[in-house]
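Everything below belongs to data00.tsv, which stores TSV, C-alpha atoms.
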```
chain	number	residue	atom	x	y	z
T	136	MET	CA	7.36	9.97	24.81
T	137	TYR	CA	9.59	10.67	21.81
T	138	LYS	CA	9.59	14.44	22.41
T	139	PHE	CA	10.39	13.96	26.12
T	140	LEU	CA	13.35	11.66	25.41
T	141	LYS	CA	14.64	14.08	22.81
T	142	LEU	CA	14.30	16.95	25.30
T	143	ILE	CA	16.41	15.23	27.96
T	144	GLY	CA	19.05	14.19	25.43
T	145	LYS	CA	18.38	10.45	25.29
T	146	ASP	CA	18.90	8.28	22.22
T	147	THR	CA	15.61	8.44	20.31
T	148	GLU	CA	16.47	6.39	17.21
T	149	LYS	CA	14.87	3.15	18.41
T	150	TYR	CA	11.67	5.02	19.31
T	151	LYS	CA	11.22	6.38	15.80
T	152	LYS	CA	8.56	4.79	13.61
T	153	VAL	CA	8.59	3.40	10.09
T	154	SER	CA	5.46	4.85	8.51
T	155	TYR	CA	3.85	3.22	5.49
T	156	PHE	CA	1.23	4.74	3.21
T	157	TYR	CA	-1.27	2.72	1.18
T	158	LEU	CA	-1.84	3.96	-2.38
T	159	GLN	CA	-4.57	1.71	-3.77
T	160	GLY	CA	-6.92	2.13	-6.72
T	161	GLN	CA	-6.97	4.63	-9.53
T	162	ILE	CA	-4.75	7.69	-9.16
T	163	THR	CA	-7.29	10.50	-8.95
T	164	SER	CA	-7.98	13.61	-6.90
T	165	SER	CA	-9.40	11.31	-4.21
T	166	MET	CA	-6.06	9.56	-3.78
T	167	THR	CA	-4.27	12.93	-3.69
T	168	TYR	CA	-6.63	14.11	-0.96
T	169	LYS	CA	-6.06	10.92	1.01
T	170	VAL	CA	-2.29	11.46	0.76
T	171	TYR	CA	-2.69	15.09	1.84
T	172	LYS	CA	-4.69	14.07	4.94
T	173	ALA	CA	-2.19	11.35	5.85
T	174	LEU	CA	0.83	13.65	5.49
T	175	LYS	CA	-0.90	16.39	7.47
T	176	LYS	CA	-1.00	14.20	10.61
T	177	PHE	CA	2.33	12.51	9.82
T	178	ASN	CA	5.28	13.44	12.08
T	179	PRO	CA	8.47	13.25	9.98
T	180	GLU	CA	10.75	14.04	12.92
T	181	ASN	CA	9.57	10.85	14.60
T	182	SER	CA	10.11	8.71	11.48
T	183	LYS	CA	13.02	6.44	10.70
T	184	ALA	CA	11.78	5.73	7.17
T	185	ILE	CA	8.66	5.99	5.02
T	186	ALA	CA	7.21	3.46	2.61
T	187	LEU	CA	4.64	3.52	-0.16
T	188	ILE	CA	2.57	0.38	-0.66
T	189	ILE	CA	1.30	0.62	-4.24
T	190	ASN	CA	-1.53	-1.32	-5.81
T	191	SER	CA	-2.77	0.62	-8.82
T	192	THR	CA	-3.12	0.40	-12.58
T	193	GLY	CA	-2.42	4.12	-12.93
T	194	GLY	CA	-4.65	7.09	-13.56
T	195	SER	CA	-4.22	10.84	-13.74
T	196	LEU	CA	-0.71	11.94	-14.71
T	197	SER	CA	-1.25	15.31	-13.02
T	198	HIS	CA	-2.18	13.75	-9.69
T	199	THR	CA	0.69	11.27	-10.03
T	200	HIS	CA	3.09	14.22	-10.14
T	201	ILE	CA	1.36	15.94	-7.21
T	202	ILE	CA	1.69	12.82	-5.03
T	203	GLN	CA	5.31	12.35	-6.07
T	204	ARG	CA	6.19	15.94	-5.18
T	205	LYS	CA	4.49	15.72	-1.77
T	206	PHE	CA	6.53	12.69	-0.71
T	207	ASP	CA	9.70	14.03	-2.34
T	208	LEU	CA	9.51	17.24	-0.31
T	209	VAL	CA	9.14	15.32	2.96
T	210	ARG	CA	11.96	12.88	2.42
T	211	LYS	CA	14.42	15.52	1.19
T	212	LYS	CA	13.59	18.07	3.88
T	213	TYR	CA	13.96	15.54	6.72
T	214	ASN	CA	16.47	13.23	5.02
T	215	ILE	CA	14.22	10.17	5.41
T	216	PRO	CA	14.75	7.09	3.20
T	217	LEU	CA	11.77	6.14	1.03
T	218	TYR	CA	10.88	2.52	0.27
T	219	THR	CA	8.35	1.59	-2.41
T	220	PHE	CA	6.53	-1.72	-2.77
T	221	ALA	CA	4.36	-3.08	-5.56
T	222	GLU	CA	1.54	-5.39	-4.55
T	223	ASP	CA	-0.72	-6.72	-7.34
T	224	TYR	CA	-0.17	-3.88	-9.82
T	225	ALA	CA	2.05	-0.86	-10.37
T	226	LEU	CA	1.31	0.25	-13.91
T	227	SER	CA	1.77	3.52	-15.80
T	228	GLY	CA	1.61	6.39	-13.28
T	229	ALA	CA	1.74	3.89	-10.41
T	230	PHE	CA	5.00	2.54	-11.84
T	231	TYR	CA	6.29	6.13	-11.84
T	232	LEU	CA	5.54	6.31	-8.09
T	233	LEU	CA	7.17	2.90	-7.56
T	234	CYS	CA	10.37	4.16	-9.21
T	235	MET	CA	10.72	7.12	-6.85
T	236	GLY	CA	11.85	4.84	-4.00
T	237	ASP	CA	15.41	4.82	-2.70
T	238	LYS	CA	14.81	1.09	-2.52
T	239	ILE	CA	12.22	-0.68	-4.70
T	240	PHE	CA	10.57	-4.01	-3.96
T	241	CYS	CA	7.91	-6.17	-5.62
T	242	ASN	CA	6.19	-9.46	-5.03
T	243	LYS	CA	7.15	-12.22	-7.46
T	244	THR	CA	3.78	-11.99	-9.19
T	245	SER	CA	3.41	-8.19	-9.15
T	246	ILE	CA	2.47	-6.81	-12.59
T	247	VAL	CA	4.49	-3.68	-13.18
T	248	GLY	CA	5.60	-1.37	-15.98
T	249	ALA	CA	3.48	-0.15	-18.90
T	250	VAL	CA	5.24	3.21	-18.90
T	251	GLY	CA	3.13	5.47	-21.07
T	252	THR	CA	0.06	7.66	-21.28
T	253	GLN	CA	-3.33	7.18	-22.84
T	254	ILE	CA	-6.15	9.50	-23.84
T	255	GLN	CA	-9.57	7.98	-24.46
T	256	THR	CA	-12.56	9.62	-26.10
T	257	LEU	CA	-16.01	8.25	-26.91
T	258	ASN	CA	-17.38	9.23	-30.29
T	259	ILE	CA	-21.19	9.57	-30.24
T	260	LEU	CA	-21.65	11.00	-33.72
T	261	ASN	CA	-23.40	7.88	-35.11
T	262	LEU	CA	-25.71	7.77	-32.10
T	263	LEU	CA	-26.80	11.37	-32.69
T	264	GLU	CA	-27.35	10.71	-36.39
T	265	HIS	CA	-29.41	7.60	-35.60
T	266	TYR	CA	-31.83	9.63	-33.46
T	267	ASN	CA	-31.68	12.60	-35.80
T	268	LEU	CA	-30.26	14.90	-33.11
T	269	GLU	CA	-28.30	18.04	-33.84
T	270	VAL	CA	-25.74	19.66	-31.55
T	271	ARG	CA	-25.02	23.34	-32.03
T	272	THR	CA	-21.79	24.71	-30.56
T	273	PHE	CA	-20.71	28.33	-30.52
T	274	ASN	CA	-17.07	28.98	-29.63
T	275	SER	CA	-14.58	31.81	-29.90
T	276	GLY	CA	-11.44	29.80	-30.73
T	277	SER	CA	-10.61	27.37	-33.50
T	278	ASN	CA	-9.48	24.61	-31.11
T	279	GLU	CA	-12.09	25.07	-28.37
T	280	THR	CA	-14.14	22.02	-29.37
T	281	PHE	CA	-11.50	19.46	-30.22
T	282	LEU	CA	-12.28	17.28	-27.17
T	283	GLN	CA	-15.97	17.04	-27.98
T	284	GLN	CA	-17.17	13.57	-28.86
T	285	LEU	CA	-18.74	14.61	-32.15
T	286	ASP	CA	-15.86	14.70	-34.62
T	287	PRO	CA	-15.38	11.78	-37.00
T	288	LEU	CA	-12.04	9.98	-36.80
T	289	SER	CA	-11.15	11.44	-40.17
T	290	ASN	CA	-11.01	14.90	-38.57
T	291	ASN	CA	-7.24	15.30	-38.74
T	292	SER	CA	-7.20	18.44	-36.61
T	293	SER	CA	-8.70	16.82	-33.52
T	294	THR	CA	-6.82	13.54	-34.02
T	295	ASN	CA	-3.47	15.27	-34.44
T	296	ILE	CA	-3.97	17.44	-31.36
T	297	LEU	CA	-4.75	14.40	-29.19
T	298	GLU	CA	-1.87	12.37	-30.64
T	299	ASN	CA	0.59	15.21	-30.07
T	300	ILE	CA	-0.53	15.69	-26.47
T	301	ASN	CA	-0.28	11.95	-25.81
T	302	THR	CA	3.19	11.71	-27.38
T	303	GLN	CA	4.52	14.68	-25.42
T	304	GLN	CA	3.16	13.35	-22.11
T	305	ASN	CA	4.58	9.90	-22.81
T	306	GLN	CA	8.04	11.32	-23.55
T	307	GLN	CA	7.95	13.49	-20.44
T	308	LEU	CA	6.92	10.56	-18.25
T	309	GLN	CA	9.70	8.31	-19.53
T	310	GLN	CA	12.28	11.09	-19.20
T	311	GLN	CA	11.21	11.90	-15.64
T	312	ILE	CA	11.39	8.25	-14.58
T	313	SER	CA	14.80	7.89	-16.23
T	314	GLN	CA	16.14	10.88	-14.29
T	315	MET	CA	14.53	9.74	-11.05
T	316	ILE	CA	15.97	6.22	-11.04
T	317	GLY	CA	19.50	7.35	-11.92
T	318	ASN	CA	21.84	4.48	-12.77
T	319	ARG	CA	19.58	1.51	-12.10
T	320	GLN	CA	20.48	-1.43	-14.31
T	321	ASN	CA	18.73	-2.03	-17.64
T	322	LYS	CA	16.50	1.02	-17.27
T	323	GLU	CA	16.38	1.52	-21.06
T	324	GLN	CA	14.87	-1.95	-21.47
T	325	VAL	CA	12.37	-1.45	-18.65
T	326	LEU	CA	11.16	1.99	-19.77
T	327	THR	CA	9.87	0.80	-23.14
T	328	GLY	CA	6.20	0.49	-22.20
T	329	SER	CA	6.40	-3.27	-21.68
T	330	ILE	CA	4.83	-5.12	-18.76
T	331	PHE	CA	6.88	-7.26	-16.38
T	332	ASN	CA	6.36	-9.30	-13.26
T	333	GLY	CA	8.37	-8.69	-10.12
T	334	GLN	CA	10.53	-11.77	-10.53
T	335	GLN	CA	11.60	-10.67	-14.01
T	336	LEU	CA	12.58	-7.20	-12.83
T	337	PHE	CA	14.66	-8.68	-10.01
T	338	GLU	CA	16.27	-11.73	-11.59
T	339	ASP	CA	16.46	-10.87	-15.30
T	340	TYR	CA	16.84	-7.09	-15.28
T	341	LYS	CA	18.35	-6.45	-11.81
T	342	PHE	CA	16.17	-3.33	-11.76
T	343	ILE	CA	14.64	-3.61	-8.28
T	344	ASP	CA	16.26	-4.20	-4.90
T	345	GLY	CA	14.41	-7.30	-3.85
T	346	ILE	CA	11.38	-9.56	-3.76
T	347	GLY	CA	9.11	-9.71	-0.77
T	348	GLN	CA	6.18	-8.45	1.25
T	349	TYR	CA	6.47	-5.00	2.79
T	350	LEU	CA	5.92	-5.99	6.45
T	351	ASN	CA	8.67	-8.61	6.30
T	352	ILE	CA	11.16	-6.38	4.53
T	353	LEU	CA	10.57	-3.32	6.71
T	354	SER	CA	10.75	-5.46	9.88
T	355	ASN	CA	14.08	-6.91	8.73
T	356	GLU	CA	15.48	-3.49	7.75
T	357	TYR	CA	14.34	-1.80	10.98
T	358	PRO	CA	13.99	-4.52	13.64
T	359	GLN	CA	13.99	-2.05	16.55
T	360	ASN	CA	11.41	0.35	15.14
T	361	LYS	CA	7.62	0.15	15.22
T	362	LEU	CA	5.73	-0.07	11.93
T	363	GLU	CA	2.81	2.34	11.57
T	364	ASN	CA	0.05	2.52	8.97
T	365	ALA	CA	-0.01	6.27	8.26
T	366	THR	CA	-3.14	6.10	6.08
T	367	GLN	CA	-5.24	4.24	8.63
T	368	LYS	CA	-8.03	6.27	10.16
T	369	THR	CA	-7.60	7.24	13.80
T	370	GLN	CA	-10.22	6.25	16.37
T	371	ARG	CA	-11.35	9.87	16.50
T	372	GLU	CA	-11.83	9.97	12.71
T	373	LYS	CA	-13.80	6.71	12.82
T	374	ILE	CA	-16.14	8.08	15.50
T	375	ILE	CA	-16.70	11.33	13.58
T	376	GLU	CA	-17.40	9.39	10.37
T	377	PHE	CA	-19.81	7.09	12.23
T	378	PHE	CA	-21.93	9.98	13.54
T	379	GLN	CA	-21.80	11.80	10.20
T	380	ASN	CA	-23.22	8.72	8.49
T	381	LYS	CA	-25.91	8.44	11.16
T	382	LEU	CA	-26.93	12.08	10.64
T	383	ASN	CA	-27.07	11.65	6.90
```
As C-alpha cells, what does this structure read like?
Amino acid sequence: MYKFLKLIGKDTEKYKKVSYFYLQGQITSSMTYKVYKALKKFNPENSKAIALIINSTGGSLSHTHIIQRKFDLVRKKYNIPLYTFAEDYALSGAFYLLCMGDKIFCNKTSIVGAVGTQIQTLNILNLLEHYNLEVRTFNSGSNETFLQQLDPLSNNSSTNILENINTQQNQQLQQQISQMIGNRQNKEQVLTGSIFNGQQLFEDYKFIDGIGQYLNILSNEYPQNKLENATQKTQREKIIEFFQNKLN
C-alpha cells in the first residue's frame, strides 16, 4: 500500500508507521541479536519515527555500544526522530541508551541513572585451600592470568589492572553520554552515578522531555500514524518456532 501510493505520487506521510522496539532485561549478546533481527525486517522508509522502550538494569558495555550504533545509523541515514522511554528501570548502560533519544521520557516511578561501570570477580582461593586443591597455570605473558579467581586481594598487580580498566570505562561512558545529550539541563548533576526517579529528572533537573507511558505519548505526537511493535514476532516466526519446539 505504502509503496503503491509513493509510486503514484500521493501523500504517504499519514500511512507511515511509528515503530517501537522493546529492550528488556540484561544487555547481553542475546539482546543485540534480538535488535539485529528486528532491524533486519524493519522498513525505515515507511517509518515516521522510532522509539526504544527500555526496561533494564544494564549489562555489557560492549553490547550497549553496539545497540546504540545500530539505531544511530538508522535514524541518521533516514533522518528519523528517535524517542526513548524508561519503564521500571534504565540503569547504567540502559541509561546510556535512554540518553540517545531526541526526546526522552520516563514514568514518574522509573528508576534511572547509576552511570558507571562495574567489574565483579569471585575469589575461590580459600575454597581451594580448604579442600587442599592445587591449580597449576602455565602462561607466556606476565598479565595473562590476572582475571583468574585465585589471586588474593592483596595482589596489587591484579587489583590495579581491574581498577584501571573500570575507571577508564567509567570515564568513557560518562564522556560519551555527555556528548550525546548535548546541552540538556543539569547534565553534570545527573551524570554523577546517582540514581533518580523519573519525576525528579523532569521536575527537579529538567533533564527529560516529559512524564508518561509510551503508547499515550506516541499517539499524541503522531495521531495519524499507526503504532507498530517492531520486536514482536510475526505469525510466520511463531509458526516456525512452534514446529521447531515440537521437533525438539
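When only C-alpha atoms are used to measure the gap to Leu217 (chain T), the shortest distance among T:Ser182, T:Gln320, T:Ser164, T:Ser329 belongs to T:Ser182.
Here CA of Asp339 (chain T) and CA of Gln324 (chain T) stand 11.0 Å from one another.
Of the listed residues T:Ile246, T:Leu336, T:Leu208, T:Ile239, the one whose atoms come nearest to Leu226 (chain T) is T:Ile246, with distances taken using only C-alpha atoms.
What separates CA of Lys175 (chain T) from CA of Phe220 (chain T) is a distance of 22.1 Å.
In terms of minimum interatomic distance to Glu148 (chain T), T:Asn181 ranks closest within T:Asn355, T:Thr366, T:Thr192, T:Asn181, counting all atoms listed in the file.
The coordinates place CA of Arg204 (chain T) at 25.1 Å from CA of Ile330 (chain T).
Counting all atoms listed in the file, the residue from T:Ile343, T:Leu353, T:Ala186, T:Ala249 that sits nearest to Tyr218 (chain T) is T:Ala186.
Neighbouring residues of Phe337 (chain T) at 12 Å or closer, counting only C-alpha atoms and skipping chain neighbours under 6 positions away, are Ile239, Phe240, Cys241, Asn242, Lys243, Thr244, Ser245, Val247, Arg319, Gln320, Asn321, Val325, Phe331, Ile343, Asp344, Gly345, Ile346 and Gly347 of chain T.
Distance check against Leu187 (chain T) using only C-alpha atoms: of T:Lys361, T:His265, T:Lys238, T:Lys322, the minimum falls on T:Lys238.
Nearest to Phe156 (chain T) of all the residues T:Glu338, T:Glu180, T:Glu363, T:Glu264 is T:Glu363, based on only C-alpha atoms.
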